[in-house]
file structure-v7.txt (compact mmCIF, C-alpha atoms and all ligand atoms)
# COMPACT_ATOMS: atom_id res chain seq x y z
CA MET A 512 24.19 -7.47 15.03
CA SER A 513 20.93 -7.72 13.08
CA THR A 514 19.96 -4.84 10.83
CA ALA A 515 17.04 -3.99 13.14
CA ALA A 516 19.34 -3.95 16.20
CA GLU A 517 21.81 -1.77 14.34
CA LEU A 518 19.06 0.73 13.40
CA GLN A 519 17.76 0.75 16.97
CA LYS A 520 21.24 1.40 18.40
CA THR A 521 21.74 4.41 16.13
CA ILE A 522 18.26 5.76 16.95
CA ASP A 523 18.94 5.33 20.70
CA GLU A 524 22.13 7.36 20.37
CA MET A 525 20.56 10.06 18.22
CA ILE A 526 17.29 10.63 20.01
CA ASP A 527 17.91 12.13 23.39
CA GLY A 528 16.58 15.03 25.39
CA GLU A 529 19.59 17.29 25.06
CA ARG A 530 21.31 17.05 21.70
CA GLY A 531 20.67 17.93 18.08
CA ILE A 532 22.07 17.27 14.61
CA LEU A 533 24.43 19.57 12.74
CA ALA A 534 23.67 19.79 9.01
CA ALA A 535 27.10 20.42 7.49
CA ASP A 536 26.17 18.79 4.20
CA GLU A 537 26.00 21.81 1.93
CA SER A 538 26.66 20.74 -1.66
CA SER A 539 29.57 22.37 -3.51
CA GLY A 540 27.22 24.98 -5.00
CA THR A 541 25.48 25.79 -1.70
CA ILE A 542 28.66 26.06 0.39
CA GLU A 543 30.12 28.35 -2.27
CA LYS A 544 27.10 30.64 -1.90
CA ARG A 545 27.29 30.61 1.94
CA LEU A 546 31.06 31.27 2.00
CA LYS A 547 30.83 33.99 -0.64
CA ALA A 548 28.22 35.78 1.47
CA VAL A 549 30.89 36.32 4.15
CA GLY A 550 33.70 37.03 1.69
CA ILE A 551 35.41 33.61 1.71
CA GLU A 552 36.50 31.67 -1.35
CA SER A 553 35.18 28.11 -1.56
CA THR A 554 38.40 26.13 -1.98
CA GLU A 555 38.68 22.48 -0.94
CA GLU A 556 41.16 23.53 1.77
CA ASN A 557 38.80 26.18 3.15
CA ARG A 558 35.93 23.70 3.29
CA ARG A 559 38.13 21.08 4.99
CA TRP A 560 39.52 23.54 7.52
CA TYR A 561 36.12 25.01 8.30
CA ARG A 562 34.34 21.69 8.83
CA SER A 563 37.19 20.28 10.95
CA MET A 564 37.13 23.48 12.99
CA LEU A 565 33.42 22.94 13.77
CA LEU A 566 33.90 19.29 14.73
CA SER A 567 36.95 19.86 16.91
CA THR A 568 35.12 22.40 19.10
CA THR A 569 35.70 21.38 22.73
CA GLU A 570 32.55 20.01 24.42
CA VAL A 571 30.42 20.21 21.27
CA GLY A 572 29.47 16.55 21.77
CA ARG A 573 27.42 17.63 24.80
CA TYR A 574 24.97 19.38 22.50
CA ILE A 575 25.35 17.67 19.12
CA CYS A 576 24.75 13.95 18.61
CA GLY A 577 25.03 13.69 14.82
CA VAL A 578 26.56 15.49 11.85
CA ILE A 579 25.43 15.28 8.25
CA PHE A 580 28.35 15.37 5.83
CA TYR A 581 28.54 16.03 2.11
CA GLU A 582 30.39 13.28 0.25
CA GLU A 583 33.62 15.29 -0.08
CA THR A 584 33.91 15.55 3.72
CA MET A 585 33.72 11.78 4.28
CA THR A 586 37.32 11.40 3.05
CA GLN A 587 38.80 14.67 4.30
CA LYS A 588 41.15 14.77 7.30
CA ASP A 589 41.87 17.31 10.02
CA ASP A 590 45.29 18.95 10.47
CA LYS A 591 46.52 15.93 12.46
CA GLY A 592 45.48 13.48 9.73
CA THR A 593 42.33 12.15 11.44
CA PRO A 594 39.49 11.47 8.97
CA LEU A 595 36.59 13.82 9.73
CA PRO A 596 34.08 11.01 10.37
CA GLU A 597 36.53 9.68 13.00
CA LEU A 598 36.97 13.15 14.48
CA ALA A 599 33.19 13.42 14.83
CA ALA A 600 32.94 9.97 16.43
CA SER A 601 35.70 10.89 18.92
CA GLN A 602 33.43 13.72 20.14
CA GLY A 603 30.49 11.32 20.53
CA ILE A 604 28.95 12.65 17.31
CA ILE A 605 27.58 10.09 14.85
CA PRO A 606 28.59 10.73 11.22
CA GLY A 607 25.85 10.73 8.58
CA ILE A 608 25.76 11.48 4.87
CA LYS A 609 23.56 13.42 2.46
CA VAL A 610 22.86 11.03 -0.40
CA ASP A 611 20.45 12.88 -2.67
CA LYS A 612 22.03 14.44 -5.74
CA GLY A 613 20.19 17.73 -5.81
CA LYS A 614 16.97 18.81 -7.44
CA GLY A 615 15.50 19.91 -10.74
CA PRO A 616 12.08 20.62 -12.26
CA LEU A 617 9.49 17.85 -12.11
CA PRO A 618 8.19 17.26 -15.66
CA GLY A 619 4.39 17.43 -15.82
CA ALA A 620 4.14 19.53 -12.66
CA PRO A 621 5.06 23.14 -13.50
CA GLY A 622 6.66 24.87 -10.51
CA ASP A 623 7.34 21.65 -8.57
CA MET A 624 10.76 20.11 -8.05
CA ILE A 625 12.08 16.57 -7.77
CA THR A 626 15.32 15.26 -6.27
CA TYR A 627 17.75 12.94 -8.10
CA GLY A 628 19.94 10.12 -6.84
CA LEU A 629 18.10 6.80 -6.49
CA ASP A 630 20.25 5.11 -9.17
CA GLY A 631 23.21 3.41 -7.50
CA LEU A 632 21.99 4.45 -4.06
CA GLU A 633 22.56 1.04 -2.47
CA GLU A 634 26.19 0.94 -3.65
CA ARG A 635 26.86 4.50 -2.49
CA LEU A 636 25.33 3.85 0.93
CA THR A 637 27.38 0.68 1.34
CA HIS A 638 30.53 2.64 0.52
CA TYR A 639 29.67 5.47 2.93
CA LYS A 640 28.89 2.95 5.65
CA SER A 641 32.39 1.50 5.23
CA LEU A 642 33.69 5.06 5.85
CA GLY A 643 31.71 5.36 9.10
CA ALA A 644 28.27 6.73 8.13
CA ARG A 645 25.44 5.36 10.30
CA PHE A 646 22.62 7.53 9.05
CA ALA A 647 21.70 9.31 5.83
CA LYS A 648 19.68 12.29 4.65
CA TRP A 649 17.55 12.92 1.57
CA ARG A 650 15.78 16.21 0.90
CA GLU A 651 12.76 16.85 -1.28
CA VAL A 652 11.80 20.48 -1.86
CA TYR A 653 8.30 21.94 -2.13
CA PRO A 654 7.79 25.55 -3.23
CA ILE A 655 4.52 27.16 -2.14
CA THR A 656 2.51 29.11 -4.73
CA ASP A 657 -1.21 29.32 -5.43
CA HIS A 658 -0.75 26.17 -7.58
CA ASN A 659 2.14 24.35 -5.90
CA PRO A 660 2.71 21.79 -4.77
CA THR A 661 0.53 20.03 -7.36
CA PRO A 662 -1.05 16.62 -6.63
CA LEU A 663 1.64 15.05 -8.85
CA GLY A 664 4.36 16.93 -6.96
CA LEU A 665 3.04 15.61 -3.67
CA THR A 666 2.98 11.96 -4.74
CA ALA A 667 6.21 11.98 -6.78
CA ASN A 668 8.31 13.59 -4.03
CA ALA A 669 6.83 11.33 -1.33
CA GLU A 670 7.66 8.28 -3.43
CA MET A 671 11.32 9.35 -3.69
CA LEU A 672 11.62 9.84 0.07
CA ALA A 673 10.01 6.47 0.79
CA ARG A 674 12.16 4.56 -1.70
CA TYR A 675 15.31 6.15 -0.30
CA ALA A 676 14.28 5.40 3.29
CA ALA A 677 13.53 1.77 2.48
CA VAL A 678 16.98 1.27 0.89
CA CYS A 679 18.69 2.88 3.91
CA GLN A 680 16.89 0.66 6.40
CA SER A 681 17.68 -2.50 4.41
CA LEU A 682 21.37 -1.66 4.94
CA GLY A 683 21.12 -0.77 8.64
CA ILE A 684 21.40 2.98 7.99
CA VAL A 685 18.89 5.28 9.72
CA PRO A 686 17.15 7.52 7.17
CA ILE A 687 16.50 11.17 7.86
CA VAL A 688 13.44 11.94 5.76
CA GLU A 689 13.44 15.63 4.82
CA PRO A 690 10.45 17.09 3.04
CA GLU A 691 11.34 20.80 2.99
CA VAL A 692 8.43 23.15 2.39
CA LEU A 693 10.14 26.37 1.33
CA ILE A 694 9.79 29.61 3.27
CA ASP A 695 10.07 31.70 0.05
CA GLY A 696 7.02 33.74 -0.90
CA ASN A 697 4.35 35.87 0.71
CA HIS A 698 1.96 33.09 1.77
CA SER A 699 0.18 33.16 5.12
CA ILE A 700 0.94 30.81 8.02
CA GLU A 701 -2.43 29.13 7.34
CA ARG A 702 -1.40 28.37 3.74
CA SER A 703 1.92 27.00 5.02
CA ALA A 704 0.02 24.76 7.47
CA GLU A 705 -2.24 23.52 4.67
CA VAL A 706 0.73 22.62 2.43
CA ASN A 707 2.77 21.04 5.23
CA GLU A 708 -0.23 18.88 6.07
CA GLN A 709 -0.64 17.73 2.46
CA VAL A 710 3.08 17.01 2.20
CA LEU A 711 3.32 15.01 5.44
CA ASN A 712 0.19 13.02 4.66
CA ALA A 713 1.61 12.03 1.27
CA VAL A 714 5.02 11.20 2.77
CA PHE A 715 3.62 8.94 5.51
CA SER A 716 1.31 7.22 3.06
CA ALA A 717 4.32 6.42 0.82
CA LEU A 718 6.47 5.35 3.79
CA ARG A 719 3.76 2.87 4.75
CA GLN A 720 3.46 1.55 1.19
CA HIS A 721 7.20 0.94 1.06
CA GLY A 722 7.27 -0.81 4.44
CA VAL A 723 9.53 1.74 6.13
CA THR A 724 9.77 1.10 9.87
CA LEU A 725 8.66 4.35 11.48
CA GLU A 726 10.52 3.57 14.74
CA HIS A 727 13.80 3.56 12.81
CA MET A 728 13.65 6.89 11.00
CA ILE A 729 13.95 10.58 11.83
CA LEU A 730 11.68 13.19 10.26
CA LYS A 731 13.23 16.51 9.28
CA PRO A 732 10.39 18.86 8.39
CA SER A 733 9.99 22.61 8.06
CA MET A 734 8.34 24.53 10.85
CA VAL A 735 5.01 26.04 9.90
CA THR A 736 5.73 29.75 9.41
CA PRO A 737 4.43 32.49 7.11
CA GLY A 738 6.36 33.09 3.87
CA LYS A 739 9.53 35.14 4.19
CA GLU A 740 7.91 38.18 2.54
CA ALA A 741 4.75 38.00 4.65
CA GLY A 742 6.16 39.10 8.01
CA LYS A 743 6.79 37.05 11.13
CA SER A 744 4.62 35.07 13.49
CA SER A 745 5.45 34.79 17.20
CA PRO A 746 7.22 31.64 18.43
CA GLU A 747 3.98 30.66 20.22
CA GLU A 748 2.00 30.90 16.98
CA VAL A 749 4.64 28.98 15.01
CA ALA A 750 4.67 26.29 17.71
CA ALA A 751 0.87 26.02 17.79
CA MET A 752 0.50 25.71 14.00
CA THR A 753 3.48 23.36 13.68
CA LEU A 754 2.22 21.05 16.43
CA ARG A 755 -1.31 21.05 15.06
CA THR A 756 0.07 19.98 11.69
CA LEU A 757 2.42 17.33 13.08
CA LYS A 758 -0.23 15.86 15.39
CA ARG A 759 -2.58 15.49 12.42
CA CYS A 760 -0.01 13.73 10.23
CA VAL A 761 2.93 12.10 12.04
CA PRO A 762 2.38 8.84 13.93
CA PRO A 763 3.85 8.77 17.46
CA ALA A 764 5.85 5.70 16.39
CA VAL A 765 8.33 8.14 14.83
CA PRO A 766 10.85 8.68 17.65
CA GLY A 767 12.29 12.04 16.68
CA ILE A 768 11.50 15.13 14.66
CA ASN A 769 14.51 17.34 13.93
CA PHE A 770 13.54 20.57 12.20
CA LEU A 771 15.50 22.34 9.46
CA SER A 772 16.01 26.09 9.86
CA GLY A 773 15.17 26.92 6.25
CA GLY A 774 16.14 30.61 6.30
CA GLN A 775 15.06 31.55 9.83
CA THR A 776 17.66 33.59 11.70
CA PRO A 777 19.66 31.68 14.33
CA GLU A 778 17.79 33.43 17.17
CA GLU A 779 14.36 32.82 15.59
CA ALA A 780 15.11 29.14 15.00
CA THR A 781 16.13 28.71 18.66
CA ALA A 782 13.13 30.66 20.00
CA ASN A 783 10.73 28.65 17.83
CA LEU A 784 12.26 25.34 18.93
CA ASN A 785 11.94 26.48 22.53
CA ALA A 786 8.24 27.32 22.08
CA LEU A 787 7.66 23.90 20.52
CA ASN A 788 9.19 22.23 23.56
CA GLN A 789 7.03 23.73 26.27
CA PRO A 790 5.82 20.80 28.41
CA GLU A 791 2.13 21.72 28.11
CA ASN A 792 2.26 21.07 24.33
CA GLY A 793 2.27 17.33 24.94
CA ALA A 794 4.26 16.33 21.84
CA PRO A 795 4.61 12.53 21.58
CA TRP A 796 7.97 12.82 19.74
CA LYS A 797 11.34 14.22 20.80
CA LEU A 798 11.46 17.61 19.05
CA GLY A 799 14.94 18.80 18.15
CA MET A 800 16.86 20.43 15.37
CA SER A 801 19.05 19.54 12.45
CA TYR A 802 20.02 23.07 11.53
CA GLY A 803 22.51 24.13 8.91
CA ARG A 804 22.45 27.92 8.65
CA ALA A 805 20.96 28.56 12.11
CA LEU A 806 23.87 26.69 13.75
CA GLN A 807 26.65 27.83 11.46
CA GLU A 808 26.03 31.42 10.36
CA PRO A 809 27.62 33.17 13.38
CA ALA A 810 30.60 30.77 13.33
CA MET A 811 31.19 31.28 9.62
CA ALA A 812 31.00 35.04 10.02
CA ALA A 813 33.41 34.97 13.00
CA TRP A 814 35.90 32.87 11.02
CA ALA A 815 35.84 35.23 8.02
CA GLY A 816 38.38 33.02 6.26
CA ASP A 817 41.19 33.75 8.77
CA THR A 818 42.49 30.77 10.76
CA ALA A 819 43.51 33.18 13.54
CA ASN A 820 39.78 33.49 14.30
CA LYS A 821 39.41 29.78 15.15
CA ALA A 822 38.66 30.30 18.85
CA LEU A 823 36.05 32.97 18.10
CA ALA A 824 34.37 30.81 15.46
CA GLN A 825 34.27 27.80 17.79
CA GLN A 826 32.84 29.95 20.57
CA ALA A 827 30.08 31.20 18.25
CA PHE A 828 29.29 27.65 17.14
CA LEU A 829 29.24 26.27 20.68
CA LYS A 830 26.92 29.07 21.76
CA ARG A 831 24.28 28.18 19.16
CA ALA A 832 24.65 24.47 19.90
CA ARG A 833 24.21 25.08 23.63
CA LEU A 834 21.27 27.46 23.28
CA ASN A 835 19.47 25.01 21.00
CA SER A 836 20.08 22.30 23.58
CA LEU A 837 18.37 24.54 26.13
CA ALA A 838 15.53 25.12 23.64
CA LYS A 839 15.14 21.37 23.31
CA LYS A 840 14.37 21.33 27.03
CA GLY A 841 12.13 24.42 26.73
CA GLN A 842 14.59 26.39 28.86
CA TYR A 843 15.87 29.02 26.41
CA THR A 844 15.33 32.68 27.32
CA ALA A 845 16.24 36.08 25.87
CA GLU A 846 18.49 36.59 28.93
CA LYS A 847 20.43 33.42 28.14
CA GLU A 848 20.77 34.58 24.51
CA ALA A 849 22.18 37.92 25.67
CA ALA A 850 24.37 36.43 28.43
CA ASP A 851 27.30 35.37 26.26
P1 LIG A 901 19.06 24.76 7.06
O1 LIG A 901 18.87 24.56 8.54
O2 LIG A 901 20.06 25.82 6.71
O3 LIG A 901 17.75 24.90 6.34
O4 LIG A 901 19.72 23.44 6.51
C1 LIG A 901 19.17 22.23 6.86
C2 LIG A 901 19.32 21.27 5.76
O5 LIG A 901 19.85 20.20 5.96
C3 LIG A 901 18.77 21.60 4.43
O6 LIG A 901 18.75 20.45 3.63
call {"tool": "encode", "arguments": {"input": "structure-v7.txt", "output": "structure tokens", "more": "lines below"}}
Ligand code: 13P
result
Amino acid sequence: MSTAAELQKTIDEMIDGERGILAADESSGTIEKRLKAVGIESTEENRRWYRSMLLSTTEVGRYICGVIFYEETMTQKDDKGTPLPELAASQGIIPGIKVDKGKGPLPGAPGDMITYGLDGLEERLTHYKSLGARFAKWREVYPITDHNPTPLGLTANAEMLARYAAVCQSLGIVPIVEPEVLIDGNHSIERSAEVNEQVLNAVFSALRQHGVTLEHMILKPSMVTPGKEAGKSSPEEVAAMTLRTLKRCVPPAVPGINFLSGGQTPEEATANLNALNQPENGAPWKLGMSYGRALQEPAMAAWAGDTANKALAQQAFLKRARLNSLAKKGQYTAEKEAAD
């Protein structure tokens, strides 16, 4: 199969009207923080058990089409000895891999961040592909302040995303391009819209410069919301500002936009996705999710580190997956949230 045909096949399987992407790619430091918050120690065995528990949930493949792994998970096995990428594939879920190596300060741009990991990327991707990965993810992070992101922050981060995406496509791996505008702070929704617009414009300009094929990538942006300390906007307002921003910046050639949850509660993230998917909005892309916390938080809390809680944890996970699938069709309601 040609590289282009391979990319198209993965896109066709990942972009549909019903299913979303599970982000289970928390780095060692992040998963430790998440597990600690619910009183669980972050041992390799706990991480292996927890991630195989999620992927072995009966019927989860009806609602989830892809899973993003952290490198450790690519070689872990479930209790029966099946490698986790194979377990995912057996549920109809395509395995993918986070390939950035985390972030640090961007010299020359006080307050901005930059993500590491371009060195050796081609070799790492080739290795992960041999283990079953068909798509990848790279995240750049943009804090909002009165001065950030700076013009240098905008161009430097966009360049990283574009270079990563170009390497992925050259190897037949679909890139998820994730420019995360952080929710931290007390900024208004208008300020968030302004920054998201600057970020997306810079990202698509760099993607064009690097010859990235827009039809063969997935965008994973933040929703446009007020800062966490500035109160909440209604789902309708979030949807209106997010769509205005996306329509100004993202060409319709991009097949799918899968939002991150970024600190929204699970219910908020589902309600906002539902508002985005009302038919009258006329979005030219498939709008879905690639949530980490908003899909996993209730399951992690139900597990509480005790394997006896497996059924409860899987039930909690399946519920969020199913409700987000409804939201993708614009059919989520408060009654359906309360029903189970
Ligand atoms: P959240 O949905 O928890 O923001 O995670 C998504 C993700 O992949 C962050 O990189």
call {"tool": "closest_atom_pairs", "arguments": {"input": "structure-v7.txt", "of": "chain A", "to": "ligand LIG 901 (chain A)", "cutoff": "9 Å", "atoms": "all atoms listed in the file", "output": "tab-separated table"}}
result
residue	atom	partner	partner_atom	distance
A:Leu533	CA	A:LIG901	O5	8.2
A:Ala534	CA	A:LIG901	O5	4.9
A:Ala535	CA	A:LIG901	O5	7.4
A:Asp536	CA	A:LIG901	O5	6.7
A:Glu537	CA	A:LIG901	O5	7.5
A:Ile579	CA	A:LIG901	O5	7.8
A:Lys609	CA	A:LIG901	O5	8.5
A:Lys648	CA	A:LIG901	O5	8.0
A:Trp649	CA	A:LIG901	O6	7.9
A:Arg650	CA	A:LIG901	O6	5.9
A:Glu651	CA	A:LIG901	O6	8.5
A:Val652	CA	A:LIG901	O6	8.9
A:Glu689	CA	A:LIG901	O6	7.3
A:Pro690	CA	A:LIG901	O6	9.0
A:Glu691	CA	A:LIG901	O6	7.4
A:Lys731	CA	A:LIG901	O5	8.3
A:Ser733	CA	A:LIG901	O3	8.3
A:Phe770	CA	A:LIG901	O1	7.6
A:Leu771	CA	A:LIG901	O1	4.1
A:Ser772	CA	A:LIG901	O1	3.5
A:Gly773	CA	A:LIG901	O3	3.3
A:Gly774	CA	A:LIG901	O3	5.9
A:Gln775	CA	A:LIG901	O3	8.0
A:Ala780	CA	A:LIG901	O1	8.8
A:Met800	CA	A:LIG901	O1	8.2
A:Ser801	CA	A:LIG901	C1	6.2
A:Tyr802	CA	A:LIG901	O1	3.5
A:Gly803	CA	A:LIG901	O1	3.7
A:Arg804	CA	A:LIG901	O2	3.7
A:Ala805	CA	A:LIG901	O1	5.8
A:Leu806	CA	A:LIG901	O1	7.5
A:Gln807	CA	A:LIG901	O2	8.4
A:Glu808	CA	A:LIG901	O2	9.0
call {"tool": "atom_distance", "arguments": {"input": "structure-v7.txt", "atom1": "atom CA of A:Glu705", "atom2": "atom CA of A:Lys758"}}
result
13.3 Å
call {"tool": "closest_residue", "arguments": {"input": "structure-v7.txt", "among": "A:Ala782, A:Met728, A:Ala764, A:Gln826", "to": "A:Val749", "atoms": "all atoms listed in the file"}}
result
A:Ala782
call {"tool": "atom_distance", "arguments": {"input": "structure-v7.txt", "atom1": "atom CA of A:Thr736", "atom2": "atom CA of A:Ala704"}}
result
7.8 Å
call {"tool": "residues_around", "arguments": {"input": "structure-v7.txt", "residues": "A:Arg831", "least_positions_apart": "2", "cutoff": "8 Å", "atoms": "all atoms listed in the file", "output": "number ranges by chain"}}
result
A: 777, 805-806, 827-829, 833-835
call {"tool": "write_last_selection", "arguments": {"input": "structure-v7.txt", "atoms": "C-alpha atoms", "output": "PDB file, in the frame of the given file"}}
result
ATOM      1  CA  PRO A 777      19.660  31.680  14.330  1.00  0.00           C
ATOM      2  CA  ALA A 805      20.960  28.560  12.110  1.00  0.00           C
ATOM      3  CA  LEU A 806      23.870  26.690  13.750  1.00  0.00           C
ATOM      4  CA  ALA A 827      30.080  31.200  18.250  1.00  0.00           C
ATOM      5  CA  PHE A 828      29.290  27.650  17.140  1.00  0.00           C
ATOM      6  CA  LEU A 829      29.240  26.270  20.680  1.00  0.00           C
ATOM      7  CA  ARG A 833      24.210  25.080  23.630  1.00  0.00           C
ATOM      8  CA  LEU A 834      21.270  27.460  23.280  1.00  0.00           C
ATOM      9  CA  ASN A 835      19.470  25.010  21.000  1.00  0.00           C
TER      10      ASN A 835
END
call {"tool": "closest_residue", "arguments": {"input": "structure-v7.txt", "among": "A:Met734, A:Val678, A:Ala669, A:Val571", "to": "A:Leu598", "atoms": "only C-alpha atoms"}}
result
A:Val571
